[in-house]
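Source file protein_6.cif; content: mmCIF, C-alpha atoms and all ligand atoms.
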```
data_data
#
loop_
_atom_site.label_atom_id
_atom_site.label_comp_id
_atom_site.auth_asym_id
_atom_site.auth_seq_id
_atom_site.Cartn_x
_atom_site.Cartn_y
_atom_site.Cartn_z
CA MET A 1126 4.39 8.12 -13.52
CA ILE A 1127 4.11 8.25 -9.75
CA LYS A 1128 5.52 5.32 -7.82
CA CYS A 1129 3.60 4.19 -4.78
CA LEU A 1130 4.91 1.36 -2.62
CA PHE A 1131 2.50 -0.71 -0.52
CA THR A 1132 4.07 -2.36 2.51
CA GLY A 1133 2.84 -4.11 5.63
CA GLN A 1134 2.76 -7.36 7.55
CA VAL A 1135 1.42 -10.55 6.01
CA ASN A 1136 -2.33 -10.31 5.55
CA SER A 1137 -2.49 -6.64 6.53
CA GLY A 1138 -4.55 -5.96 3.40
CA LYS A 1139 -1.95 -4.54 0.98
CA SER A 1140 -3.16 -6.34 -2.14
CA SER A 1141 -6.79 -5.71 -1.25
CA LEU A 1142 -6.00 -2.01 -0.85
CA ILE A 1143 -4.67 -1.78 -4.39
CA MET A 1144 -7.72 -3.65 -5.68
CA SER A 1145 -10.02 -1.32 -3.72
CA LEU A 1146 -8.34 1.71 -5.28
CA ALA A 1147 -8.58 0.16 -8.74
CA LYS A 1148 -12.25 -0.52 -8.25
CA TYR A 1149 -12.86 2.96 -6.87
CA ASN A 1150 -11.43 4.36 -10.12
CA SER A 1151 -13.54 1.90 -12.05
CA ASN A 1152 -13.39 1.26 -15.78
CA LEU A 1153 -9.77 2.26 -15.91
CA GLN A 1154 -7.62 -0.42 -17.37
CA ILE A 1155 -4.99 -2.09 -15.30
CA LEU A 1156 -1.62 -3.26 -16.43
CA VAL A 1157 -0.09 -5.99 -14.36
CA SER A 1158 3.51 -7.04 -14.51
CA GLN A 1159 4.95 -9.67 -12.24
CA ASP A 1160 8.41 -8.27 -11.70
CA ASN A 1161 10.37 -5.13 -11.74
CA SER A 1162 12.08 -5.33 -15.13
CA GLU A 1163 11.49 -2.76 -17.82
CA GLU A 1164 10.93 -5.48 -20.45
CA SER A 1165 8.23 -7.11 -18.48
CA ARG A 1166 6.60 -3.76 -17.88
CA ASP A 1167 6.64 -3.11 -21.62
CA THR A 1168 5.11 -6.46 -22.34
CA ALA A 1169 2.75 -6.35 -19.40
CA SER A 1170 -0.53 -7.78 -20.40
CA LEU A 1171 -3.93 -6.49 -19.66
CA TYR A 1172 -5.74 -8.27 -16.88
CA LYS A 1173 -9.03 -6.56 -16.43
CA ASN A 1174 -10.16 -9.54 -14.39
CA LYS A 1175 -7.59 -8.78 -11.76
CA VAL A 1176 -9.83 -5.99 -10.57
CA SER A 1177 -11.76 -7.98 -8.10
CA SER A 1178 -12.13 -8.08 -4.38
CA THR A 1179 -10.62 -11.54 -4.32
CA ALA A 1180 -7.34 -11.36 -2.47
CA TYR A 1181 -4.42 -13.57 -3.36
CA HIS A 1182 -1.02 -14.19 -1.87
CA THR A 1183 1.93 -12.49 -3.50
CA HIS A 1184 5.48 -13.68 -2.90
CA ASP A 1185 7.27 -10.99 -4.83
CA LEU A 1186 6.68 -7.53 -6.22
CA THR A 1187 3.71 -6.93 -8.44
CA HIS A 1188 3.12 -3.72 -10.31
CA TYR A 1189 -0.38 -2.45 -10.98
CA ILE A 1190 -0.32 0.55 -13.24
CA PHE A 1191 -3.49 2.59 -13.41
CA LEU A 1192 -4.95 6.05 -13.32
CA ILE A 1193 -6.32 7.46 -10.14
CA GLY A 1194 -7.86 10.83 -9.44
CA ASN A 1195 -11.04 12.78 -9.04
CA ASN A 1196 -12.94 15.65 -10.65
CA GLY A 1197 -11.73 14.65 -14.10
CA GLN A 1198 -8.07 15.01 -13.12
CA TYR A 1199 -6.26 11.69 -13.30
CA TYR A 1200 -2.68 10.66 -12.64
CA LYS A 1201 -0.83 7.55 -13.70
CA TYR A 1202 0.29 5.56 -10.71
CA ASP A 1203 2.59 2.55 -10.49
CA MET A 1204 1.14 0.73 -7.48
CA ILE A 1205 3.78 -1.68 -6.21
CA ASP A 1206 2.65 -4.57 -4.07
CA THR A 1207 5.41 -5.99 -1.87
CA VAL A 1208 6.06 -9.14 0.11
CA GLY A 1209 4.12 -9.64 3.35
CA LEU A 1210 6.44 -8.84 6.22
CA ILE A 1211 7.08 -11.35 8.99
CA ASP A 1212 9.27 -11.44 12.07
CA ASP A 1213 12.24 -13.29 10.58
CA VAL A 1214 12.00 -11.70 7.15
CA TYR A 1215 15.78 -11.15 6.99
CA THR A 1216 16.72 -14.73 7.76
CA GLU A 1217 14.21 -16.52 5.52
CA PRO A 1218 16.20 -17.39 2.35
CA ASP A 1219 13.02 -17.38 0.27
CA LEU A 1220 12.18 -13.84 1.31
CA ARG A 1221 15.60 -12.22 1.08
CA ASN A 1222 15.31 -11.37 -2.60
CA SER A 1223 11.85 -9.90 -2.11
CA VAL A 1224 13.08 -7.76 0.77
CA TRP A 1225 15.96 -6.42 -1.35
CA LYS A 1226 13.46 -5.53 -4.04
CA LEU A 1227 11.25 -3.86 -1.48
CA PHE A 1228 14.06 -1.62 -0.20
CA TYR A 1229 15.29 -0.86 -3.71
CA ASN A 1230 11.81 0.30 -4.65
CA LEU A 1231 11.43 2.19 -1.38
CA SER A 1232 14.49 4.25 -2.30
CA LYS A 1233 12.85 5.13 -5.64
CA CYS A 1234 9.21 5.60 -4.67
CA ASP A 1235 7.32 8.88 -4.37
CA VAL A 1236 4.74 7.70 -1.85
CA LEU A 1237 4.70 4.93 0.76
CA VAL A 1238 1.39 3.39 1.81
CA HIS A 1239 1.92 1.22 4.88
CA ALA A 1240 -0.92 -1.04 5.97
CA ILE A 1241 -1.43 -1.88 9.64
CA ASN A 1242 -4.23 -4.17 10.75
CA ALA A 1243 -6.00 -1.97 13.31
CA TYR A 1244 -7.97 -4.88 14.72
CA GLN A 1245 -4.78 -6.82 15.41
CA VAL A 1246 -3.27 -3.81 17.20
CA LYS A 1247 -6.24 -3.82 19.53
CA GLN A 1248 -6.02 -7.58 19.99
CA SER A 1249 -2.35 -7.46 20.91
CA LYS A 1250 -3.05 -4.61 23.34
CA GLY A 1251 -0.83 -2.03 21.72
CA LEU A 1252 1.18 -1.20 18.66
CA SER A 1253 4.17 -3.47 18.31
CA LEU A 1254 5.47 -3.18 14.80
CA LEU A 1255 8.18 -5.42 13.38
CA ASN A 1256 11.69 -3.96 13.19
CA ILE A 1257 11.50 -3.95 9.43
CA GLU A 1258 8.27 -1.92 9.52
CA ASN A 1259 9.94 0.69 11.72
CA GLU A 1260 12.87 0.76 9.30
CA ILE A 1261 10.59 1.29 6.31
CA ILE A 1262 8.58 4.09 7.92
CA GLY A 1263 11.73 5.62 9.45
CA TYR A 1264 13.49 5.64 6.08
CA GLN A 1265 10.64 7.60 4.45
CA GLN A 1266 10.56 10.05 7.33
CA SER A 1267 14.32 10.56 7.22
CA LYS A 1268 14.03 11.45 3.54
CA ASN A 1269 11.00 13.66 4.19
CA ASN A 1270 9.09 11.59 1.67
CA LYS A 1271 5.35 11.19 1.56
CA SER A 1272 3.83 8.41 3.63
CA ILE A 1273 0.33 7.30 4.47
CA ILE A 1274 -0.64 4.72 7.05
CA CYS A 1275 -3.81 2.77 6.29
CA ALA A 1276 -5.38 1.34 9.43
CA THR A 1277 -7.00 -1.63 7.73
CA PHE A 1278 -9.70 -3.95 9.10
CA SER A 1279 -11.39 -0.87 10.56
CA ASP A 1280 -14.72 -2.61 9.93
CA LEU A 1281 -14.00 -5.09 12.71
CA LYS A 1282 -15.32 -4.53 16.19
CA ASP A 1283 -13.08 -2.47 18.46
CA ALA A 1284 -10.63 -1.58 15.68
CA LYS A 1285 -11.24 2.01 16.83
CA LYS A 1286 -8.87 1.51 19.75
CA GLY A 1287 -6.21 0.21 17.37
CA ILE A 1288 -6.64 3.28 15.14
CA LYS A 1289 -6.18 5.57 18.14
CA CYS A 1290 -3.03 3.69 19.07
CA ILE A 1291 -1.57 4.01 15.55
CA ARG A 1292 -2.38 7.75 15.44
CA LYS A 1293 -0.66 8.26 18.77
CA ALA A 1294 2.47 6.47 17.54
CA TYR A 1295 2.60 8.42 14.25
CA PRO A 1296 1.21 11.93 14.80
CA GLN A 1297 3.16 13.27 11.83
CA ILE A 1298 1.81 10.77 9.26
CA PRO A 1299 -1.78 10.77 7.90
CA VAL A 1300 -3.52 7.68 9.33
CA ILE A 1301 -6.61 6.64 7.36
CA PRO A 1302 -9.10 4.24 8.98
CA LEU A 1303 -9.80 1.87 6.15
CA SER A 1304 -11.84 -1.18 5.31
CA ASN A 1305 -11.38 -3.23 2.18
CA SER A 1306 -14.65 -4.96 3.04
CA THR A 1307 -16.94 -1.95 3.37
CA GLY A 1308 -14.91 0.55 1.33
CA ARG A 1309 -14.53 2.90 4.29
CA GLY A 1310 -11.64 5.32 3.78
CA ILE A 1311 -10.94 4.43 0.14
CA GLY A 1312 -12.31 7.79 -1.05
CA ARG A 1313 -10.10 9.58 1.44
CA LEU A 1314 -7.05 7.59 0.39
CA ASN A 1315 -7.88 8.29 -3.25
CA ARG A 1316 -8.14 12.05 -2.58
CA LEU A 1317 -4.85 12.10 -0.69
CA LEU A 1318 -3.03 10.17 -3.43
CA THR A 1319 -4.52 12.55 -6.01
CA SER A 1320 -3.35 15.63 -4.12
CA TYR A 1321 0.12 14.10 -3.63
CA ALA A 1322 0.26 13.42 -7.37
CA GLU A 1323 -0.66 17.05 -8.11
CA GLU A 1324 2.12 18.22 -5.81
CA ILE A 1325 4.71 15.80 -7.21
CA VAL A 1326 3.91 16.73 -10.81
CA CYS A 1327 4.08 20.46 -9.93
CA ASN A 1328 7.45 20.04 -8.22
CA ASN A 1329 8.82 18.01 -11.12
CA GLU A 1330 7.73 20.68 -13.59
CA ALA A 1331 9.30 23.42 -11.47
CA SER A 1332 12.66 21.66 -11.15
N1 LIG B 1 -12.65 -7.52 7.24
C1 LIG B 1 -11.65 -7.14 6.47
N2 LIG B 1 -10.93 -8.06 5.77
C2 LIG B 1 -9.89 -7.61 5.01
C3 LIG B 1 -9.54 -6.24 4.93
N3 LIG B 1 -8.48 -6.12 4.11
C4 LIG B 1 -8.17 -7.37 3.70
N4 LIG B 1 -9.01 -8.27 4.24
C5 LIG B 1 -8.96 -9.75 4.08
O1 LIG B 1 -7.74 -10.17 4.69
C6 LIG B 1 -7.10 -11.17 3.93
C7 LIG B 1 -5.70 -10.71 3.53
O2 LIG B 1 -5.80 -9.62 2.63
P1 LIG B 1 -4.67 -9.34 1.53
O3 LIG B 1 -5.08 -8.12 0.78
O4 LIG B 1 -4.36 -10.56 0.75
O5 LIG B 1 -3.43 -8.99 2.47
P2 LIG B 1 -1.92 -8.81 2.03
O6 LIG B 1 -1.33 -7.82 2.98
O7 LIG B 1 -1.81 -8.48 0.59
O8 LIG B 1 -1.34 -10.27 2.33
P3 LIG B 1 0.09 -10.90 1.88
O9 LIG B 1 0.31 -10.55 0.44
O10 LIG B 1 -0.08 -12.32 2.14
O11 LIG B 1 1.11 -10.26 2.77
C8 LIG B 1 -8.02 -11.45 2.74
O12 LIG B 1 -8.84 -12.53 3.05
C9 LIG B 1 -8.86 -10.16 2.63
O13 LIG B 1 -10.13 -10.37 2.07
C10 LIG B 1 -10.34 -5.28 5.67
O14 LIG B 1 -10.11 -4.07 5.64
N5 LIG B 1 -11.36 -5.79 6.41
MG MG B 2 -0.71 -9.52 -0.91
#
```

Take the structure in the file and give it back as structure tokens.
Amino acid sequence: MIKCLFTGQVNSGKSSLIMSLAKYNSNLQILVSQDNSEESRDTASLYKNKVSSTAYHTHDLTHYIFLIGNNGQYYKYDMIDTVGLIDDVYTEPDLRNSVWKLFYNLSKCDVLVHAINAYQVKQSKGLSLLNIENEIIGYQQSKNNKSIICATFSDLKDAKKGIKCIRKAYPQIPVIPLSNSTGRGIGRLNRLLTSYAEEIVCNNEAS
């Protein structure tokens, strides 16, 4: 199973992204488990209803296990939704445990999907990521691991400038303009995750 970690600031669209991917690969069942333990994964119950565009706040990790792919070739993905990042994430006692879990899973994941609200970038007149976001992206890069940046809220007016800004800051990472409202970019994200899965499976078989 391929592990994909979704990170990003609060309300950057992480949970919606996972739901969009689930819907894109429709009719595939989704297993949801609320924490990271093996037992709970084994006993994870089936929540077909979770596949909706309704977003909800998540305080801890949530695993969504489902198949994604195209052209009849599907791969099992463990989509891991993480805590919404804020400025003082390290000092908030409530968040500390979630941040530990995030970094633990980062060290184990195959693919990182980092969500950045492209509209907000434009609004704040430039890309100013939180320290913890730079650490997360930097960690993946230092390990030469696969990363994707989703420039969410691309449906909003003038998000284009934000997307340009993100691309300029990260020329070496694929940046996908994405909208969880219109579905823009979900197909592209799906294709990229499918091709990464092919590569990862091939490498695992070879080693
Ligand atoms: N217009 C627009 N709204 C979006 C988009 N993505 C998410 N939203 C909305 O933004 C809000 C936050 O989305 P979530 O998916 O909950 O964001 P999140 O990053 O999981 O938030 P936390 O878990 O609180 O950190 C919800 O009301 C979504 O419907 C997008 O691409 N475009
Ligand atoms: Mg969320």

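With distances restricted to all atoms listed in the file, A:Asp1185 is the closest residue to ligand MG 2 (chain B) from A:Asp1235, A:Asp1185, A:Asp1219, A:Glu1330.
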
Problem set entry | Selection near Gly1287 (chain A), 7 Å with all atoms listed in the file, sequence-local residues under 2 positions removed, as a PyMOL selection string | chain A and resi 1243-1244+1246-1247+1284-1285+1289-1291

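The residues sitting within 10 Å of ligand MG 2 (chain B), with all atoms listed in the file considered, come out as Phe1131, Thr1132, Gly1133, Gln1134, Val1135, Asn1136, Ser1137, Gly1138, Lys1139, Ser1140, Ser1141, Leu1142, Ile1143, Ala1180, Tyr1181, His1182, Thr1183, His1184, Asp1185, Leu1186, Thr1187, Asp1206, Thr1207, Val1208 and Gly1209 of chain A.
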
For this session: For region 1230-1234 of chain A, list every protein, DNA or RNA residue within 10 Å, evaluated using only C-alpha atoms, and leave out those in the same chain fewer than 3 positions away; present the list as a list in words.
Result: Ile1127, Lys1128, Cys1129, Leu1130, Phe1131, Thr1132, Asn1161, Leu1186, Asp1203, Met1204, Ile1205, Thr1207, Val1224, Trp1225, Lys1226, Leu1227, Leu1237, Ile1261, Ile1262, Tyr1264, Gln1265, Lys1268, Asn1270 and Lys1271 of chain A

For this session: Could you tell me which of A:Thr1307, A:Asn1150, A:Asn1269, A:Asn1195 comes closest to ligand LIG 1 (chain B) if we count all atoms listed in the file?
Result: A:Thr1307

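A straight line drawn from CA of Gly1194 (chain A) to CA of Leu1318 (chain A) is 7.7 Å long.
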
Seminar exercise, completed: The distance between CA of Ser1151 (chain A) and atom C8 of ligand LIG 1 (chain B) is 20.7 Å

Box time for region 1274-1278 of chain A: axis-aligned, enclosing all its listed atoms, 6 Å extra on each side; report centre and edge lengths in Å to one decimal, as AutoDock Vina command-line options.
```
--center_x -5.2 --center_y 0.4 --center_z 7.9 --size_x 21.1 --size_y 20.7 --size_z 15.1
```

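Proximity to ligand LIG 1 (chain B) was assessed for A:Cys1275, A:Val1238, A:Leu1281, A:Ala1294 counting only C-alpha atoms and all ligand atoms; the smallest distance is recorded for A:Leu1281.
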
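Atom pair CA of Ile1273 (chain A) / CA of Pro1299 (chain A) has a distance of 5.3 Å (rounded to one decimal).
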
Problem set entry | Minimum-distance residue to ligand LIG 1 (chain B), chosen among A:Ile1311, A:Met1126, A:Ile1190, A:Ile1257 (using only C-alpha atoms and all ligand atoms) | A:Ile1311
